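Text of the file run_15.pdb, holding PDB, C-alpha atoms, pLDDT in the B column:
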ATOM      1  CA  GLY A   1     109.910 113.256 140.540  1.00 48.00           C
ATOM      2  CA  GLN A   2     107.904 110.032 140.585  1.00 52.00           C
ATOM      3  CA  GLN A   3     109.267 107.398 138.201  1.00 53.00           C
ATOM      4  CA  GLN A   4     106.804 106.507 135.484  1.00 54.00           C
ATOM      5  CA  GLN A   5     105.876 102.845 135.472  1.00 56.00           C
ATOM      6  CA  GLN A   6     106.305 100.882 132.276  1.00 60.00           C
ATOM      7  CA  GLN A   7     103.169  99.080 131.209  1.00 67.00           C
ATOM      8  CA  HIS A   8     103.402  96.157 128.852  1.00 75.00           C
ATOM      9  CA  VAL A   9     101.769  93.003 127.568  1.00 78.00           C
ATOM     10  CA  ASN A  10     103.488  90.040 125.903  1.00 83.00           C
ATOM     11  CA  VAL A  11     101.501  88.884 122.871  1.00 86.00           C
ATOM     12  CA  LYS A  12     104.053  86.085 122.209  1.00 86.00           C
ATOM     13  CA  LYS A  13     104.195  86.810 118.461  1.00 89.00           C
ATOM     14  CA  ASP A  14     105.970  89.285 116.194  1.00 92.00           C
ATOM     15  CA  ILE A  15     104.028  92.547 115.778  1.00 94.00           C
ATOM     16  CA  ASN A  16     104.002  94.351 112.422  1.00 96.00           C
ATOM     17  CA  ALA A  17     101.746  97.311 113.230  1.00 96.00           C
ATOM     18  CA  ILE A  18      99.515  98.908 115.865  1.00 94.00           C
ATOM     19  CA  ASP A  19      96.722 101.492 115.779  1.00 95.00           C
ATOM     20  CA  CYS A  20      94.279 102.956 118.305  1.00 91.00           C
ATOM     21  CA  ASP A  21      90.575 103.624 118.001  1.00 89.00           C
ATOM     22  CA  TRP A  22      89.180 107.132 117.698  1.00 85.00           C
ATOM     23  CA  ASP A  23      89.219 107.886 121.437  1.00 83.00           C
ATOM     24  CA  GLY A  24      92.377 105.968 122.366  1.00 82.00           C
ATOM     25  CA  GLY A  25      90.625 103.433 124.571  1.00 85.00           C
ATOM     26  CA  ARG A  26      91.497 100.369 122.480  1.00 88.00           C
ATOM     27  CA  ALA A  27      94.516  99.279 120.459  1.00 90.00           C
ATOM     28  CA  VAL A  28      94.563  96.789 117.590  1.00 93.00           C
ATOM     29  CA  ILE A  29      97.765  94.923 116.743  1.00 93.00           C
ATOM     30  CA  CYS A  30      98.620  92.789 113.743  1.00 94.00           C
ATOM     31  CA  GLY A  31     101.403  90.452 112.664  1.00 93.00           C
ATOM     32  CA  ASN A  32     102.011  86.971 111.325  1.00 92.00           C
ATOM     33  CA  ASP A  33      98.892  84.995 112.239  1.00 90.00           C
ATOM     34  CA  LEU A  34      98.071  87.775 114.721  1.00 90.00           C
ATOM     35  CA  LEU A  35      95.122  90.173 114.908  1.00 92.00           C
ATOM     36  CA  GLU A  36      94.053  91.175 118.408  1.00 90.00           C
ATOM     37  CA  VAL A  37      92.411  94.112 120.172  1.00 91.00           C
ATOM     38  CA  TYR A  38      93.396  95.261 123.650  1.00 89.00           C
ATOM     39  CA  ARG A  39      91.517  97.630 125.909  1.00 85.00           C
ATOM     40  CA  VAL A  40      93.600 100.110 127.886  1.00 77.00           C
ATOM     41  CA  ASN A  41      92.100 100.545 131.354  1.00 70.00           C
ATOM     42  CA  GLU A  42      93.560 103.720 132.822  1.00 63.00           C
ATOM     43  CA  GLU A  43      93.777 103.809 136.603  1.00 61.00           C
ATOM     44  CA  PRO A  44      95.300 106.421 138.924  1.00 49.00           C
ATOM     45  CA  GLU A  45      98.625 104.590 139.290  1.00 53.00           C
ATOM     46  CA  HIS A  46      98.906 102.419 136.197  1.00 52.00           C
ATOM     47  CA  ALA A  47      97.330 101.274 132.958  1.00 50.00           C
ATOM     48  CA  ARG A  48      96.281  97.690 132.374  1.00 58.00           C
ATOM     49  CA  PHE A  49      96.069  96.058 128.954  1.00 64.00           C
ATOM     50  CA  THR A  50      93.185  93.611 128.639  1.00 71.00           C
ATOM     51  CA  LEU A  51      92.666  91.350 125.613  1.00 72.00           C
ATOM     52  CA  CYS A  52      89.077  91.947 124.482  1.00 69.00           C
ATOM     53  CA  SER A  53      88.890  90.576 120.920  1.00 71.00           C
ATOM     54  CA  SER A  54      90.811  88.146 118.710  1.00 76.00           C
ATOM     55  CA  LEU A  55      90.552  86.858 115.169  1.00 74.00           C
ATOM     56  CA  TYR A  56      90.074  83.085 115.053  1.00 65.00           C
ATOM     57  CA  SER A  57      90.867  81.598 111.652  1.00 66.00           C
ATOM     58  CA  LYS A  58      92.124  78.310 110.269  1.00 67.00           C
ATOM     59  CA  LYS A  59      93.888  80.256 107.525  1.00 78.00           C
ATOM     60  CA  ARG A  60      97.299  81.619 108.523  1.00 85.00           C
ATOM     61  CA  VAL A  61      97.748  85.196 107.307  1.00 91.00           C
ATOM     62  CA  ASN A  62     100.655  87.603 107.686  1.00 94.00           C
ATOM     63  CA  TRP A  63      98.919  90.917 108.396  1.00 94.00           C
ATOM     64  CA  GLN A  64     101.293  93.747 107.423  1.00 96.00           C
ATOM     65  CA  ASP A  65      99.424  96.877 108.527  1.00 96.00           C
ATOM     66  CA  VAL A  66      96.246  97.861 110.350  1.00 96.00           C
ATOM     67  CA  SER A  67      94.091 100.994 110.544  1.00 96.00           C
ATOM     68  CA  TRP A  68      91.207 101.767 112.871  1.00 94.00           C
ATOM     69  CA  SER A  69      88.381 103.945 111.544  1.00 92.00           C
ATOM     70  CA  LYS A  70      88.802 107.384 113.108  1.00 82.00           C
ATOM     71  CA  VAL A  71      85.198 108.470 112.498  1.00 79.00           C
ATOM     72  CA  GLY A  72      83.788 108.115 116.000  1.00 67.00           C
ATOM     73  CA  GLY A  73      80.294 106.944 116.830  1.00 68.00           C
ATOM     74  CA  GLY A  74      77.976 104.413 115.239  1.00 72.00           C
ATOM     75  CA  ASP A  75      79.114 101.188 113.595  1.00 72.00           C
ATOM     76  CA  SER A  76      82.303 102.766 112.195  1.00 75.00           C
ATOM     77  CA  ALA A  77      83.752 103.042 115.714  1.00 81.00           C
ATOM     78  CA  ASP A  78      84.308  99.261 115.707  1.00 90.00           C
ATOM     79  CA  VAL A  79      85.728  98.863 112.176  1.00 93.00           C
ATOM     80  CA  VAL A  80      89.373  98.137 111.332  1.00 94.00           C
ATOM     81  CA  ALA A  81      91.131  97.554 108.004  1.00 96.00           C
ATOM     82  CA  VAL A  82      94.116  95.227 107.575  1.00 96.00           C
ATOM     83  CA  GLY A  83      96.509  94.650 104.694  1.00 96.00           C
ATOM     84  CA  ALA A  84      98.076  91.244 104.165  1.00 95.00           C
ATOM     85  CA  ALA A  85     101.186  89.791 102.593  1.00 95.00           C
ATOM     86  CA  ASN A  86      98.920  87.674 100.357  1.00 94.00           C
ATOM     87  CA  THR A  87      97.636  90.963  98.765  1.00 95.00           C
ATOM     88  CA  ASP A  88      94.258  90.903 100.565  1.00 95.00           C
ATOM     89  CA  VAL A  89      92.731  94.056 102.020  1.00 96.00           C
ATOM     90  CA  ALA A  90      90.218  93.039 104.668  1.00 95.00           C
ATOM     91  CA  ILE A  91      87.615  95.014 106.614  1.00 95.00           C
ATOM     92  CA  LYS A  92      86.881  93.658 110.096  1.00 93.00           C
ATOM     93  CA  LYS A  93      84.392  94.433 112.854  1.00 92.00           C
ATOM     94  CA  VAL A  94      85.552  94.366 116.468  1.00 89.00           C
ATOM     95  CA  ALA A  95      82.889  92.545 118.475  1.00 85.00           C
ATOM     96  CA  GLU A  96      82.846  91.151 121.989  1.00 78.00           C
ATOM     97  CA  ALA A  97      85.621  88.526 122.254  1.00 78.00           C
ATOM     98  CA  ARG A  98      85.883  88.119 118.455  1.00 86.00           C
ATOM     99  CA  ILE A  99      86.949  90.011 115.349  1.00 89.00           C
ATOM    100  CA  LEU A 100      84.483  89.373 112.533  1.00 89.00           C
ATOM    101  CA  ASN A 101      85.053  89.646 108.797  1.00 90.00           C
ATOM    102  CA  LEU A 102      82.896  92.237 107.006  1.00 92.00           C
ATOM    103  CA  GLN A 103      84.425  92.118 103.521  1.00 93.00           C
ATOM    104  CA  THR A 104      87.663  91.210 101.784  1.00 94.00           C
ATOM    105  CA  TYR A 105      89.167  92.702  98.639  1.00 95.00           C
ATOM    106  CA  SER A 106      91.048  89.800  97.063  1.00 94.00           C
ATOM    107  CA  ASN A 107      93.114  90.054  93.875  1.00 92.00           C
ATOM    108  CA  GLN A 108      92.715  93.857  93.799  1.00 94.00           C
ATOM    109  CA  MET A 109      96.352  94.490  94.754  1.00 95.00           C
ATOM    110  CA  GLU A 110      99.306  92.909  92.964  1.00 94.00           C
ATOM    111  CA  ARG A 111     101.865  92.759  95.772  1.00 94.00           C
ATOM    112  CA  SER A 112     102.045  92.487  99.542  1.00 95.00           C
ATOM    113  CA  VAL A 113      99.972  95.292 101.110  1.00 96.00           C
ATOM    114  CA  ASN A 114     102.306  97.268 103.345  1.00 93.00           C
ATOM    115  CA  SER A 115     100.115 100.268 104.208  1.00 95.00           C
ATOM    116  CA  VAL A 116      96.409 100.871 104.927  1.00 97.00           C
ATOM    117  CA  GLN A 117      94.775 104.018 106.292  1.00 97.00           C
ATOM    118  CA  PHE A 118      91.153 105.014 106.764  1.00 96.00           C
ATOM    119  CA  HIS A 119      90.153 108.512 105.707  1.00 95.00           C
ATOM    120  CA  HIS A 120      90.006 110.958 108.600  1.00 92.00           C
ATOM    121  CA  SER A 121      86.401 112.041 108.008  1.00 92.00           C
ATOM    122  CA  GLN A 122      84.815 109.674 105.439  1.00 92.00           C
ATOM    123  CA  LYS A 123      84.182 106.299 107.035  1.00 90.00           C
ATOM    124  CA  ASP A 124      83.891 104.349 103.752  1.00 93.00           C
ATOM    125  CA  ILE A 125      87.138 105.581 102.149  1.00 95.00           C
ATOM    126  CA  LEU A 126      90.364 103.592 102.592  1.00 97.00           C
ATOM    127  CA  LEU A 127      93.880 104.195 101.256  1.00 97.00           C
ATOM    128  CA  ALA A 128      96.151 101.196 100.562  1.00 97.00           C
ATOM    129  CA  ALA A 129      99.682 100.829  99.185  1.00 96.00           C
ATOM    130  CA  SER A 130     101.924  97.975  98.086  1.00 94.00           C
ATOM    131  CA  GLN A 131     105.255  97.563  96.346  1.00 89.00           C
ATOM    132  CA  ALA A 132     103.361  97.665  93.024  1.00 93.00           C
ATOM    133  CA  GLU A 133     100.607 100.272  93.437  1.00 94.00           C
ATOM    134  CA  VAL A 134      98.583 102.722  95.475  1.00 94.00           C
ATOM    135  CA  ALA A 135      94.785 102.376  95.598  1.00 95.00           C
ATOM    136  CA  VAL A 136      91.764 104.035  97.156  1.00 96.00           C
ATOM    137  CA  PHE A 137      88.805 101.850  98.112  1.00 96.00           C
ATOM    138  CA  ASP A 138      85.214 102.933  98.649  1.00 95.00           C
ATOM    139  CA  LEU A 139      83.754 100.222 100.873  1.00 94.00           C
ATOM    140  CA  ARG A 140      80.382 100.632  99.174  1.00 93.00           C
ATOM    141  CA  VAL A 141      81.708  99.288  95.847  1.00 93.00           C
ATOM    142  CA  GLU A 142      83.637  96.172  94.847  1.00 91.00           C
ATOM    143  CA  ARG A 143      86.660  97.657  93.080  1.00 92.00           C
ATOM    144  CA  PRO A 144      89.093 100.495  93.854  1.00 94.00           C
ATOM    145  CA  VAL A 145      87.908 103.964  92.846  1.00 92.00           C
ATOM    146  CA  PHE A 146      91.539 104.993  92.267  1.00 91.00           C
ATOM    147  CA  HIS A 147      94.455 102.773  91.257  1.00 92.00           C
ATOM    148  CA  HIS A 148      97.939 103.752  90.105  1.00 90.00           C
ATOM    149  CA  LYS A 149     100.811 101.348  89.471  1.00 91.00           C
ATOM    150  CA  SER A 150     104.180 102.292  90.959  1.00 89.00           C
ATOM    151  CA  VAL A 151     106.580 101.101  93.657  1.00 87.00           C
ATOM    152  CA  VAL A 152     104.987 102.595  96.793  1.00 91.00           C
ATOM    153  CA  LYS A 153     106.402 102.217 100.297  1.00 91.00           C
ATOM    154  CA  THR A 154     103.578 103.951 102.167  1.00 93.00           C
ATOM    155  CA  ALA A 155     100.823 106.551 101.717  1.00 96.00           C
ATOM    156  CA  GLN A 156      99.194 109.046 104.101  1.00 96.00           C
ATOM    157  CA  TRP A 157      95.959 111.041 103.869  1.00 97.00           C
ATOM    158  CA  ASP A 158      96.328 114.820 104.102  1.00 97.00           C
ATOM    159  CA  PRO A 159      94.348 115.818 107.239  1.00 95.00           C
ATOM    160  CA  HIS A 160      93.763 119.336 105.833  1.00 95.00           C
ATOM    161  CA  HIS A 161      92.453 118.304 102.422  1.00 92.00           C
ATOM    162  CA  ASN A 162      89.378 116.252 101.593  1.00 89.00           C
ATOM    163  CA  LEU A 163      90.767 113.657  99.147  1.00 91.00           C
ATOM    164  CA  GLN A 164      94.477 114.363  98.883  1.00 94.00           C
ATOM    165  CA  PHE A 165      97.221 112.008 100.011  1.00 95.00           C
ATOM    166  CA  ALA A 166     101.009 111.712  99.856  1.00 96.00           C
ATOM    167  CA  ALA A 167     102.744 108.573  98.596  1.00 95.00           C
ATOM    168  CA  CYS A 168     106.393 107.551  98.968  1.00 95.00           C
ATOM    169  CA  VAL A 169     107.359 106.398  95.476  1.00 93.00           C
ATOM    170  CA  GLU A 170     110.989 105.344  94.942  1.00 92.00           C
ATOM    171  CA  ASN A 171     113.018 108.504  95.679  1.00 94.00           C
ATOM    172  CA  CYS A 172     110.045 110.862  95.241  1.00 94.00           C
ATOM    173  CA  LEU A 173     107.063 112.223  97.116  1.00 94.00           C
ATOM    174  CA  TRP A 174     103.817 112.176  95.146  1.00 92.00           C
ATOM    175  CA  ILE A 175     100.938 114.413  96.133  1.00 92.00           C
ATOM    176  CA  CYS A 176      97.713 112.971  94.722  1.00 91.00           C
ATOM    177  CA  ASP A 177      94.253 114.553  94.725  1.00 90.00           C
ATOM    178  CA  ILE A 178      91.671 111.996  93.622  1.00 87.00           C
ATOM    179  CA  ALA A 179      88.878 114.583  93.583  1.00 84.00           C
ATOM    180  CA  LEU A 180      90.293 115.948  90.317  1.00 79.00           C
ATOM    181  CA  ALA A 181      88.927 114.729  86.999  1.00 65.00           C
ATOM    182  CA  SER A 182      91.926 113.132  85.266  1.00 74.00           C
ATOM    183  CA  GLN A 183      94.761 111.013  86.629  1.00 69.00           C
ATOM    184  CA  GLU A 184      97.243 113.537  85.214  1.00 72.00           C
ATOM    185  CA  GLU A 185      95.581 116.195  87.369  1.00 74.00           C
ATOM    186  CA  GLN A 186      95.294 113.804  90.314  1.00 71.00           C
ATOM    187  CA  LEU A 187      99.052 113.281  90.415  1.00 70.00           C
ATOM    188  CA  LYS A 188      99.499 117.008  90.631  1.00 67.00           C
ATOM    189  CA  LYS A 189     102.857 117.156  92.414  1.00 81.00           C
ATOM    190  CA  ARG A 190     105.768 114.765  92.139  1.00 85.00           C
ATOM    191  CA  PHE A 191     109.272 115.769  93.140  1.00 91.00           C
ATOM    192  CA  PRO A 192     112.568 114.081  94.082  1.00 93.00           C
ATOM    193  CA  ALA A 193     112.776 114.085  97.874  1.00 95.00           C
ATOM    194  CA  HIS A 194     115.807 111.934  98.754  1.00 96.00           C
ATOM    195  CA  ASN A 195     118.949 110.382  97.305  1.00 96.00           C
ATOM    196  CA  GLY A 196     117.479 106.914  97.578  1.00 95.00           C
ATOM    197  CA  PRO A 197     114.096 105.390  98.456  1.00 94.00           C
ATOM    198  CA  VAL A 198     111.632 107.447 100.515  1.00 96.00           C
ATOM    199  CA  VAL A 199     110.462 105.094 103.264  1.00 94.00           C
ATOM    200  CA  CYS A 200     108.052 107.206 105.340  1.00 95.00           C
ATOM    201  CA  CYS A 201     106.133 110.477 105.403  1.00 96.00           C
ATOM    202  CA  ASP A 202     103.642 112.263 107.627  1.00 96.00           C
ATOM    203  CA  TRP A 203     101.658 115.497 107.458  1.00 97.00           C
ATOM    204  CA  HIS A 204     101.885 118.333 109.965  1.00 97.00           C
ATOM    205  CA  PRO A 205      98.719 118.157 112.117  1.00 95.00           C
ATOM    206  CA  LYS A 206      98.202 121.939 112.247  1.00 95.00           C
ATOM    207  CA  ARG A 207     100.003 123.485 109.250  1.00 95.00           C
ATOM    208  CA  PRO A 208      98.341 122.763 105.880  1.00 95.00           C
ATOM    209  CA  GLY A 209     100.731 121.809 103.086  1.00 93.00           C
ATOM    210  CA  VAL A 210     103.624 120.889 105.382  1.00 96.00           C
ATOM    211  CA  ILE A 211     104.889 117.304 105.263  1.00 96.00           C
ATOM    212  CA  ALA A 212     107.939 115.470 106.626  1.00 97.00           C
ATOM    213  CA  SER A 213     109.729 112.622 104.841  1.00 97.00           C
ATOM    214  CA  GLY A 214     112.411 110.110 105.770  1.00 97.00           C
ATOM    215  CA  GLY A 215     114.704 108.282 103.366  1.00 96.00           C
ATOM    216  CA  ARG A 216     117.340 105.589 103.109  1.00 96.00           C
ATOM    217  CA  ASP A 217     119.863 108.418 102.631  1.00 96.00           C
ATOM    218  CA  SER A 218     119.586 108.951 106.420  1.00 96.00           C
ATOM    219  CA  TYR A 219     117.899 112.356 106.037  1.00 97.00           C
ATOM    220  CA  ILE A 220     114.665 113.668 107.532  1.00 97.00           C
ATOM    221  CA  LYS A 221     113.243 116.530 105.483  1.00 97.00           C
ATOM    222  CA  VAL A 222     110.352 118.940 105.973  1.00 96.00           C
ATOM    223  CA  TRP A 223     108.581 120.292 102.899  1.00 95.00           C
ATOM    224  CA  ASP A 224     106.216 123.226 102.416  1.00 94.00           C
ATOM    225  CA  LEU A 225     104.179 122.230  99.379  1.00 91.00           C
ATOM    226  CA  ASN A 226     102.880 125.758  99.029  1.00 86.00           C
ATOM    227  CA  THR A 227     106.346 126.808  97.820  1.00 86.00           C
ATOM    228  CA  ILE A 228     107.002 123.852  95.480  1.00 75.00           C
ATOM    229  CA  ALA A 229     105.992 124.422  91.868  1.00 51.00           C
ATOM    230  CA  GLN A 230     103.745 121.834  90.258  1.00 46.00           C
ATOM    231  CA  ASN A 231     105.856 118.894  88.954  1.00 42.00           C
ATOM    232  CA  GLY A 232     108.942 120.709  90.197  1.00 47.00           C
ATOM    233  CA  GLY A 233     111.494 120.067  92.893  1.00 48.00           C
ATOM    234  CA  GLY A 234     112.442 121.878  96.016  1.00 48.00           C
ATOM    235  CA  GLY A 235     114.644 121.901  99.026  1.00 46.00           C
ATOM    236  CA  GLY A 236     113.830 120.469 102.411  1.00 48.00           C
TER     237      GLY A 236
END
Output the structure of this file as structure tokens.
Amino acid sequence: GQQQQQQHVNVKKDINAIDCDWDGGRAVICGNDLLEVYRVNEEPEHARFTLCSSLYSKKRVNWQDVSWSKVGGGDSADVVAVGAANTDVAIKKVAEARILNLQTYSNQMERSVNSVQFHHSQKDILLAASQAEVAVFDLRVERPVFHHKSVVKTAQWDPHHNLQFAACVENCLWICDIALASQEEQLKKRFPAHNGPVVCCDWHPKRPGVIASGGRDSYIKVWDLNTIAQNGGGGG
């Protein structure tokens, strides 16, 4: 068969994270003193990466993670969120040739922000995690609407549930539903998942309640939350 051509672009800096816009036509990358957007021009024989927007700033920032709003259409189609090593969570607008600052949450997180993710259907809701906490921001207000202190590696919205997310906390998976009234109810499931820190997790795109986790114990596990008792453990 025809050999697939490798397409690449050299950004000449270390990359920490990458995310695509809602229709896959643009990719945003972040790193140390790096925040750029590339357009992917698909042609019959190859794809070409074209730099279309950059962040110009006198302040050097180590951007740790980036998330593009997945709610297509309108102004939200050009909005990205970035988390920084200096604890900032910033909301940016991708414009022609430049990336503009919309708002910055400073001093709301205690440690380096290692994970940010926009909600899959609510354009103003953002999930963020650091080594000290997990927080949910509503971009219409100044402070987090949910904040819980714990050592969190990453967090992921549940695509099948309105306001539920999973967080990797030490050796456990936490399943949090912020639509519930009390924080005790919100942290409705917490169970040991690995013999060591849980470093990543992701939800099944088609099967509600099914989530995979990876740990420093070298295991990948798949969990069906429908079979795990509240505050109990289970096998993967």
>> Can you spell out as JSON, numbers by chain the set of residues that the PyMOL selection byres ((chain A and resi 207-209) around 7) selects in the structure I just provided?
In response: {"A": [160, 204, 205, 206, 210, 211, 224, 225, 226]}
Store the residues of this selection in a file with C-alpha atoms, as a PDB file, in the frame of the given file.
ATOM      1  CA  HIS A 160      93.763 119.336 105.833  1.00 95.00           C
ATOM      2  CA  HIS A 204     101.885 118.333 109.965  1.00 97.00           C
ATOM      3  CA  PRO A 205      98.719 118.157 112.117  1.00 95.00           C
ATOM      4  CA  LYS A 206      98.202 121.939 112.247  1.00 95.00           C
ATOM      5  CA  VAL A 210     103.624 120.889 105.382  1.00 96.00           C
ATOM      6  CA  ILE A 211     104.889 117.304 105.263  1.00 96.00           C
ATOM      7  CA  ASP A 224     106.216 123.226 102.416  1.00 94.00           C
ATOM      8  CA  LEU A 225     104.179 122.230  99.379  1.00 91.00           C
ATOM      9  CA  ASN A 226     102.880 125.758  99.029  1.00 86.00           C
TER      10      ASN A 226
END
>> Starting from the PyMOL selection byres ((chain A and resi 13) around 9), expand the selection into actual residues of this file and give them as a list in words.
In response: Asn10, Val11, Lys12, Asp14, Ile15, Gly31, Asn32, Asp33 and Leu34 of chain A
>> Give me the residues near Cys20 (chain A) as a PyMOL selection string, where near means some atom within 9 Å (using all atoms listed in the file) and where sequence neighbours in that chain fewer than 2 positions away do not count.
In response: chain A and resi 18+22-29+67-68+70
Let me see the file: selected residues, C-alpha atoms, as a compact mmCIF listing (two decimals), in the frame of the given file.
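Result file is part.txt:
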# COMPACT_ATOMS: atom_id res chain seq x y z
CA ILE A 18 99.52 98.91 115.86
CA TRP A 22 89.18 107.13 117.70
CA ASP A 23 89.22 107.89 121.44
CA GLY A 24 92.38 105.97 122.37
CA GLY A 25 90.62 103.43 124.57
CA ARG A 26 91.50 100.37 122.48
CA ALA A 27 94.52 99.28 120.46
CA VAL A 28 94.56 96.79 117.59
CA ILE A 29 97.76 94.92 116.74
CA SER A 67 94.09 100.99 110.54
CA TRP A 68 91.21 101.77 112.87
CA LYS A 70 88.80 107.38 113.11
>> For a quick check of understanding, using all atoms listed in the file, which of A:Ser218, A:Asn86, A:Gln156, A:Thr227 has the smallest distance to His120 (chain A)?
In response: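 Smallest separation from His120 (chain A) among the options: A:Gln156.
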> For Asp138 (chain A), which of A:Ile91, A:Trp174, A:Asp19, A:Cys168 is the closest residue, counting all atoms listed in the file?
Replying inline: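 Closest to Asp138 (chain A), using all atoms listed in the file: A:Ile91.
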>> Using the chain letters and numbers from this file, what does the PyMOL selection byres ((chain A and resi 140) around 12) select? Give the answer as number ranges by chain.
In response: A: 91, 102-103, 105, 122-126, 137-139, 141-145
> Expressed in Å to a single decimal, how great is the separation between CA of Val94 (chain A) and CA of Asp78 (chain A)?
Replying inline: 5.1 Å
> Expressed in Å to a single decimal, how great is the separation between CA of His119 (chain A) and CA of Ala77 (chain A)?
Replying inline: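 Calculated distance between CA of His119 (chain A) and CA of Ala77 (chain A) is 13.1 Å.
Pairwise distance (CA of Ala129 (chain A), CA of Ser115 (chain A)) equals 5.1 Å.
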>> Taking 5 positions as the minimum chain separation for residues in the same chain, which residues sit within 8 Å of Asn171 (chain A) when counting only C-alpha atoms? Answer as a VMD selection string.
In response: chain A and resid 192 to 198 215
>> Just checking: using all atoms listed in the file, which residue out of A:Val66, A:Asp177, A:Phe165, A:Ser54 ends up closest to Cys30 (chain A)?
In response: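 Answer, going by the shortest atom-to-atom distance: A:Val66.
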If you take every atom of region 62-80 of chain A that the file lists and fit an axis-aligned box around them with 6 Å extra on each side, what centre and edge lengths come out in Å to one decimal, as AutoDock Vina command-line options?
--center_x 89.6 --center_y 98.0 --center_z 112.1 --size_x 35.3 --size_y 32.9 --size_z 21.4
> Taking only C-alpha atoms into account, which of A:Lys189, A:Leu100, A:Gln64, A:Ser182 comes nearest Ala128 (chain A)?
Replying inline: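 The shortest atom-to-atom distance to Ala128 (chain A) comes from A:Gln64.
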>> Give me the residues near Ala179 (chain A) as a ChimeraX atom specification, where near means some atom within 9 Å (using all atoms listed in the file) and where sequence neighbours in that chain fewer than 2 positions away do not count.
In response: /A:162-164,177,181-182,186
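With all atoms listed in the file as the atoms that count, the minimum distance from Gln117 (chain A) to the choices A:Ala167, A:Cys172, A:Ala85, A:Ile228 is reached by A:Ala167.
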How would region 158-169 of chain A read, as a PDB file, in the frame of the given file, once N, CA and C atoms are built in?
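Output file rebuild.pdb follows:
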ATOM      1  N   ASP A 158      96.100 113.450 103.650  1.00 97.00           N
ATOM      2  CA  ASP A 158      96.328 114.820 104.102  1.00 97.00           C
ATOM      3  C   ASP A 158      95.174 115.221 105.018  1.00 97.00           C
ATOM      4  N   PRO A 159      95.441 115.510 106.309  1.00 95.00           N
ATOM      5  CA  PRO A 159      94.348 115.818 107.239  1.00 95.00           C
ATOM      6  C   PRO A 159      93.673 117.161 106.970  1.00 95.00           C
ATOM      7  N   HIS A 160      94.306 118.002 106.111  1.00 95.00           N
ATOM      8  CA  HIS A 160      93.763 119.336 105.833  1.00 95.00           C
ATOM      9  C   HIS A 160      93.063 119.416 104.480  1.00 95.00           C
ATOM     10  N   HIS A 161      92.997 118.294 103.779  1.00 92.00           N
ATOM     11  CA  HIS A 161      92.453 118.304 102.422  1.00 92.00           C
ATOM     12  C   HIS A 161      91.529 117.107 102.281  1.00 92.00           C
ATOM     13  N   ASN A 162      90.409 117.277 101.616  1.00 89.00           N
ATOM     14  CA  ASN A 162      89.378 116.252 101.593  1.00 89.00           C
ATOM     15  C   ASN A 162      89.859 114.921 101.027  1.00 89.00           C
ATOM     16  N   LEU A 163      90.406 114.916  99.791  1.00 91.00           N
ATOM     17  CA  LEU A 163      90.767 113.657  99.147  1.00 91.00           C
ATOM     18  C   LEU A 163      92.178 113.705  98.579  1.00 91.00           C
ATOM     19  N   GLN A 164      93.072 114.293  99.296  1.00 94.00           N
ATOM     20  CA  GLN A 164      94.477 114.363  98.883  1.00 94.00           C
ATOM     21  C   GLN A 164      95.332 113.497  99.796  1.00 94.00           C
ATOM     22  N   PHE A 165      96.302 112.800  99.203  1.00 95.00           N
ATOM     23  CA  PHE A 165      97.221 112.008 100.011  1.00 95.00           C
ATOM     24  C   PHE A 165      98.627 112.134  99.453  1.00 95.00           C
ATOM     25  N   ALA A 166      99.602 111.760 100.267  1.00 96.00           N
ATOM     26  CA  ALA A 166     101.009 111.712  99.856  1.00 96.00           C
ATOM     27  C   ALA A 166     101.435 110.263  99.776  1.00 96.00           C
ATOM     28  N   ALA A 167     102.236 109.930  98.765  1.00 95.00           N
ATOM     29  CA  ALA A 167     102.744 108.573  98.596  1.00 95.00           C
ATOM     30  C   ALA A 167     104.263 108.624  98.442  1.00 95.00           C
ATOM     31  N   CYS A 168     104.941 107.688  99.093  1.00 95.00           N
ATOM     32  CA  CYS A 168     106.393 107.551  98.968  1.00 95.00           C
ATOM     33  C   CYS A 168     106.675 106.606  97.804  1.00 95.00           C
ATOM     34  N   VAL A 169     107.160 107.157  96.704  1.00 93.00           N
ATOM     35  CA  VAL A 169     107.359 106.398  95.476  1.00 93.00           C
ATOM     36  C   VAL A 169     108.828 106.498  95.067  1.00 93.00           C
TER      37      VAL A 169
END
